[in-house]
Amino acid sequence: MNLPYYSSFSPSPGLAFLSLEDAFEVLAESSEFREMEGPCLAFRRAASVLKSLPWAVQSLGATRDLPCLGEHTKAVMEEVLQCGRSFEVEKILSDERYQTLKLFTSVFGVGPKTAEKWYRRGLRSFTDVLADRGIHLNRMQQSGFLHYGDITRAVSKAEARSLRNVIDEAVRAVSPAATLALTGGFRRGKEFGHDVDFIVTTPEPGREKSLLPNVINGLKKQGILLFCEYQASTFDTAKLPSYRFEAMDHFAKCFLILRLEASQVEGGLHCAEGDGRGWRAVRVDLVSPPMDRFAFALLGWTGSRQFERDLRRFARVTQRMILDNHGLYDKTKAASAHFQCIGQSGEPFELRAEPESGVRRIGAADRQGRHPVTAVSRQALPGGQ
DNA sequence: ATTGGTGC
DNA sequence: CTTTTGGC
DNA sequence: AAAAGC
């Protein structure tokens, strides 16, 4: 197993200059570990707003008209712009609890609760965790440790393209009429990602239930399935919108770790220096909504996380609607009349989401003559429910 | 059966 | 001043 | 922590 060195943010002063985005990400993460949800969100927004700018901020004056930046964030910015470091950020980076929780949560299958549990047991390293006879790792965490080096390594665009071919072949063998769409960060145009996300749907009635299980079987037969957690659909149009407190959508989906052969990647694998295996493990997610929900699923899974959050808040507070991965609902219509998206019987639309920006994104896009959200049309269902 | 993990 | 922040 | 609501 490849253990990480503490590399992401070097606490050694003078060497690594901190970017403003990184500084806010550290503050956000620290707030998250301390269960301060408000400050966490505020720092995430600050980071997101700076990321959305076409230029790098070089002076405090340039941030005068930007939203989501207040007293605290501007004080940090002043420090970082002045000398490339922040006292508060460095204090966090040198904090043992922060370092340990950051390390533990970097393992696939380990979230804040589990990381905290291990920390309270006095564990401080992977060696500590793996040597502790009282710790039982679930299947996901076992895979997380087993493939740690590979799945913490960034996935390149070329690797994502290659995986598209692999998935496309497996899908086509099951349902030739199926639609496969790349989502997540790579759909947003990113050069690197931590995984590769796809949405797969079939117009063939009755096929949707067996589609994902059959695709998974195909990958298994190829011998490239290193890990699979399959979640069957719990989607039910009669129960929309869902009032239950649930983070995830109800579509059939699977969280995979696949073996990707170097020979299938144009320009080779994104791998470590002396890695002669000729393959690497990659995290892949497949989501399979019913065809008529394709657009909403695509919108929801294209991200970014901050964009999804802001978009839903925008739908609620200014449009008086509820948006989720399953649909768009008008709160002002009786009995939660529900709105359908184009593409029910025909072509799913091309979503032009442009995430990675802050709360002002929609307005900014409009000013530039782009309309990232207008693809979701207000076409009422017959009968109106 | 519940918690915590998975995701954008 | 209090409330809201993905009624994920 | 920042913004919105009262």
# chains A, B, ... in the order shown; residues from 1 in each chain; ligands from 1
>>> interface_residues(of="chain A", to="chain D", cutoff="12 Å", atoms="only C-alpha atoms (C1' of nucleotides)", output="list in words")
Phe24, Leu27, Ala28, Ser31, Met36, Glu37, Gly38, Pro39, Cys40, Leu41, Ala42, Phe43, Arg44, Arg45, Ala46, Pro67, Cys68, Leu69, Gly70, Glu71, His72, Thr73, Lys74, Val317 and Val359 of chain A
>>> closest_atom_pairs(of="chain C", to="chain A", cutoff="7 Å", atoms="only C-alpha atoms (C1' of nucleotides)", output="tab-separated table")
residue	atom	partner	partner_atom	distance
C:DT5	C1'	A:Gly38	CA	6.6
C:DG6	C1'	A:Arg309	CA	4.7
C:DC8	C1'	A:Ala247	CA	5.0
>>> interface_residues(of="chain A", to="chain B", cutoff="6 Å", atoms="only C-alpha atoms (C1' of nucleotides)", output="PyMOL selection string")
chain A and resi 109+300-301+303-305
>>> residues_around(residues="Thr202 (chain A)", least_positions_apart="5", cutoff="9 Å", atoms="only C-alpha atoms (C1' of nucleotides)", output="list in words")
Ser175, Pro176, Ala177, Ala178, Thr179, Leu180, Arg207, Glu208, Leu211, Ser288, Pro289, Pro290 and Met291 of chain A
>>> atom_distance(atom1="CA of Lys221 (chain A)", atom2="CA of Ile257 (chain A)")
14.6 Å
